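Visitor: For reference, the structure I am asking about is given below.
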Amino acid sequence: MRFLLLALLCLLPASVLPAVPPTTAPAPAPMLASTWRGGLAVDAFLVSEKLDGVRARWDGRRLWTRGGAPIVPPAGFTRGWPSEPMDGELWAGRGRFEEVSALVRRSSGDARDWDSVRFMLFDLPAHPGSFARRVQYMRELVAKARSPTLAMIEQRRIATTAALDAELARVVAAGGEGLMLHRADALYRPGRSDALFKYKPHADAEAQVVAHLPGKGRLEGRLGALQVRTPDGRSFRIGSGFSDAQRADPPPIGSWVTYRYSGLTSKGLPRFPRFLRIRHELPPADP
């Protein structure tokens with residue numbers, strides 16, 4: 001009987017077969033931030049806090065990660081959201097990235113784990129206007145939706161470089177990562193450009209774990225350092241930034257990690273690299 005049913009299904013036209021939901025998003029490449037550099041007119045930008053959440057895209061019906069993998073939130077999480085495509089961060093508060101990242105990677109779980117998670121809207125990929133106009137429309141969308149899970153990242157003008165540095169210091173002191181600056185007159189353009197910048201006190205980058213180096217002394221029997229390799233082939237060690245739990249159960253060989261560093265050495269290697277987090281999804285390549 002099973003084989004007969006399969007044969008009959010094969011004879012049906014595609015138009016009457018049940019639709020299979022896609023496993024990757026058909027959305028275009030997202031807009032990516034460059035690193036802030038001096039000499040630019042600060043007052044030409046709108047400034048917001050850089051949230052340490054999981055970037056997500058809403059296509060009007062479903063949520064996707066930046067790389068195009070589906071996100072399955074609890075039933076009702078997206079109820080009342082607008083049909084317009086939205087770009088934002090799934091965020092539960094400062095310092096809770098790993099918690100949200102784990103939720104996003106699970107396809108099921110307790111809905112109560114999502115109680116503190118919000119989609120923090122910061123852009124509208126399909127809107128044809130400038131960023132300033134998109135900000136106004138985002139405010140209207142959020143107000144109209146009246147959803148407890150949908151909010152908007154505050155965007156505001158800052159007049160001078162000194163005021164920008166003071167805002168960065170305030171955010172970092174409160175446990176934030178840094179700031180985002182978006183040209184007020186810029187259209188939404190996928191890929192990296194001079195319209196969107198991140199401004200943080202430390203640089204960060206990704207590298208792949210190639211070996212676990214054993215610890216010595218008080219770290220005997222646990223991880224001492226990670227031997228890592230950058231996408232361009234540079235190899236170095238990361239020996240700090242790990243919790244006791246991470247030293248007991250280190251990032252797997254072959255996985256990617258994000259690390260912070262303070263400039264480069266004369267040999268072009270990261271100076272004072274410090275482990276930040278496992279990178280479960282790498283940024284897409286620039287178009």
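In the structure tokens, chains take the letters A, B, ... in the order shown, each chain's residues start at 1, and ligands count up from 1 in the order shown.
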How close does each residue of segment 45-73 of chain A get to segment 80-104 of chain A, giving the shortest atom pair and distance in Å to one decimal for every residue with an atom at most 9 Å away, counting only C-alpha atoms, sorted by chain and residue number, as JSON lines?

Guide:
```
{"residue": "A:Leu51", "atom": "CA", "partner": "A:Arg94", "partner_atom": "CA", "distance": 7.3}
{"residue": "A:Asp52", "atom": "CA", "partner": "A:Phe97", "partner_atom": "CA", "distance": 5.7}
{"residue": "A:Gly53", "atom": "CA", "partner": "A:Trp91", "partner_atom": "CA", "distance": 4.6}
{"residue": "A:Val54", "atom": "CA", "partner": "A:Leu90", "partner_atom": "CA", "distance": 5.1}
{"residue": "A:Arg55", "atom": "CA", "partner": "A:Glu89", "partner_atom": "CA", "distance": 4.3}
{"residue": "A:Ala56", "atom": "CA", "partner": "A:Glu89", "partner_atom": "CA", "distance": 5.5}
{"residue": "A:Arg57", "atom": "CA", "partner": "A:Asp87", "partner_atom": "CA", "distance": 4.7}
{"residue": "A:Trp58", "atom": "CA", "partner": "A:Met86", "partner_atom": "CA", "distance": 4.9}
{"residue": "A:Asp59", "atom": "CA", "partner": "A:Pro85", "partner_atom": "CA", "distance": 4.4}
{"residue": "A:Gly60", "atom": "CA", "partner": "A:Ser83", "partner_atom": "CA", "distance": 4.1}
{"residue": "A:Arg61", "atom": "CA", "partner": "A:Ser83", "partner_atom": "CA", "distance": 6.9}
{"residue": "A:Thr65", "atom": "CA", "partner": "A:Val104", "partner_atom": "CA", "distance": 8.6}
{"residue": "A:Pro70", "atom": "CA", "partner": "A:Val104", "partner_atom": "CA", "distance": 9.0}
{"residue": "A:Ile71", "atom": "CA", "partner": "A:Val104", "partner_atom": "CA", "distance": 6.0}
{"residue": "A:Val72", "atom": "CA", "partner": "A:Val104", "partner_atom": "CA", "distance": 7.2}
{"residue": "A:Pro73", "atom": "CA", "partner": "A:Val104", "partner_atom": "CA", "distance": 7.6}
```

Visitor: Quick one: everything within 12 Å of Arg37 of chain A, counting only C-alpha atoms, minus sequence neighbours fewer than 4 positions away in the same chain. Send it as a list in words.

Guide: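 Listed by chain and then number, they are Ala33, Ala41, Val42, Thr161, Leu181, Asp194, Leu196, Phe197, Lys198, Tyr199 and Lys200 of chain A.
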
Visitor: Please save C-alpha atoms of the selected residues as a PDB file, in the first residue's frame.

Guide:
```pdb
ATOM      1  CA  ALA A  33      29.050  47.265   9.437  1.00  0.00           C
ATOM      2  CA  ALA A  41      31.188  64.056  10.474  1.00  0.00           C
ATOM      3  CA  VAL A  42      29.526  62.548  13.556  1.00  0.00           C
ATOM      4  CA  THR A 161      33.303  63.418  18.468  1.00  0.00           C
ATOM      5  CA  LEU A 181      26.562  54.663  13.586  1.00  0.00           C
ATOM      6  CA  ASP A 194      30.614  53.508   4.511  1.00  0.00           C
ATOM      7  CA  LEU A 196      27.117  51.735   8.685  1.00  0.00           C
ATOM      8  CA  PHE A 197      29.868  51.553  11.319  1.00  0.00           C
ATOM      9  CA  LYS A 198      30.543  49.835  14.628  1.00  0.00           C
ATOM     10  CA  TYR A 199      32.492  51.712  17.291  1.00  0.00           C
ATOM     11  CA  LYS A 200      33.941  49.644  20.136  1.00  0.00           C
TER      12      LYS A 200
END
```

Visitor: Kindly indicate which residue among A:Gln246, A:Ser240, A:Thr160, A:Thr149 lies nearest to Thr78 of chain A, using only C-alpha atoms for the distances.

Guide: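 Closest residue, counting only C-alpha atoms: A:Thr149.
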
Visitor: Write down as an NGL selection string the residues of segment 19-206 of chain A whose backbone DSSP state falls under helix (DSSP H, G or I).

Guide: :A and (42-44 or 97-105 or 111-114 or 131-145 or 161-173)

Visitor: With only C-alpha atoms as the atoms that count, which of A:Asp113, A:Pro125, A:Asp165, A:Pro214 lies nearest to Gly191 of chain A?

Guide: A:Pro125

Visitor: Of the residues A:Leu213, A:Leu276, A:Leu264, A:Ala162, which is the one nearest to Gly241 of chain A, using only C-alpha atoms?

Guide: A:Leu276

Visitor: Just the number, please: distance in Å from atom CA of Thr265 of chain A to atom CA of Phe242 of chain A, one decimal.

Guide: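 Between atom CA of Thr265 of chain A and atom CA of Phe242 of chain A the gap is 22.4 Å.
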
Visitor: Let me make sure I understand: among A:Ala225, A:Ile238, A:Leu150, A:Met138, which one has the smallest atom-to-atom distance to Leu124 of chain A if we use only C-alpha atoms?

Guide: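 Among A:Ala225, A:Ile238, A:Leu150, A:Met138, it is A:Met138 that comes nearest to Leu124 of chain A.
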
Visitor: Taking the backbone alone, and naming residues the way the document does, which bits of segment 173-233 of chain A are strand (DSSP E) by DSSP, as an MDAnalysis selection string?

Guide: chainID A and resid 178:183 191:199 203:214 223:229
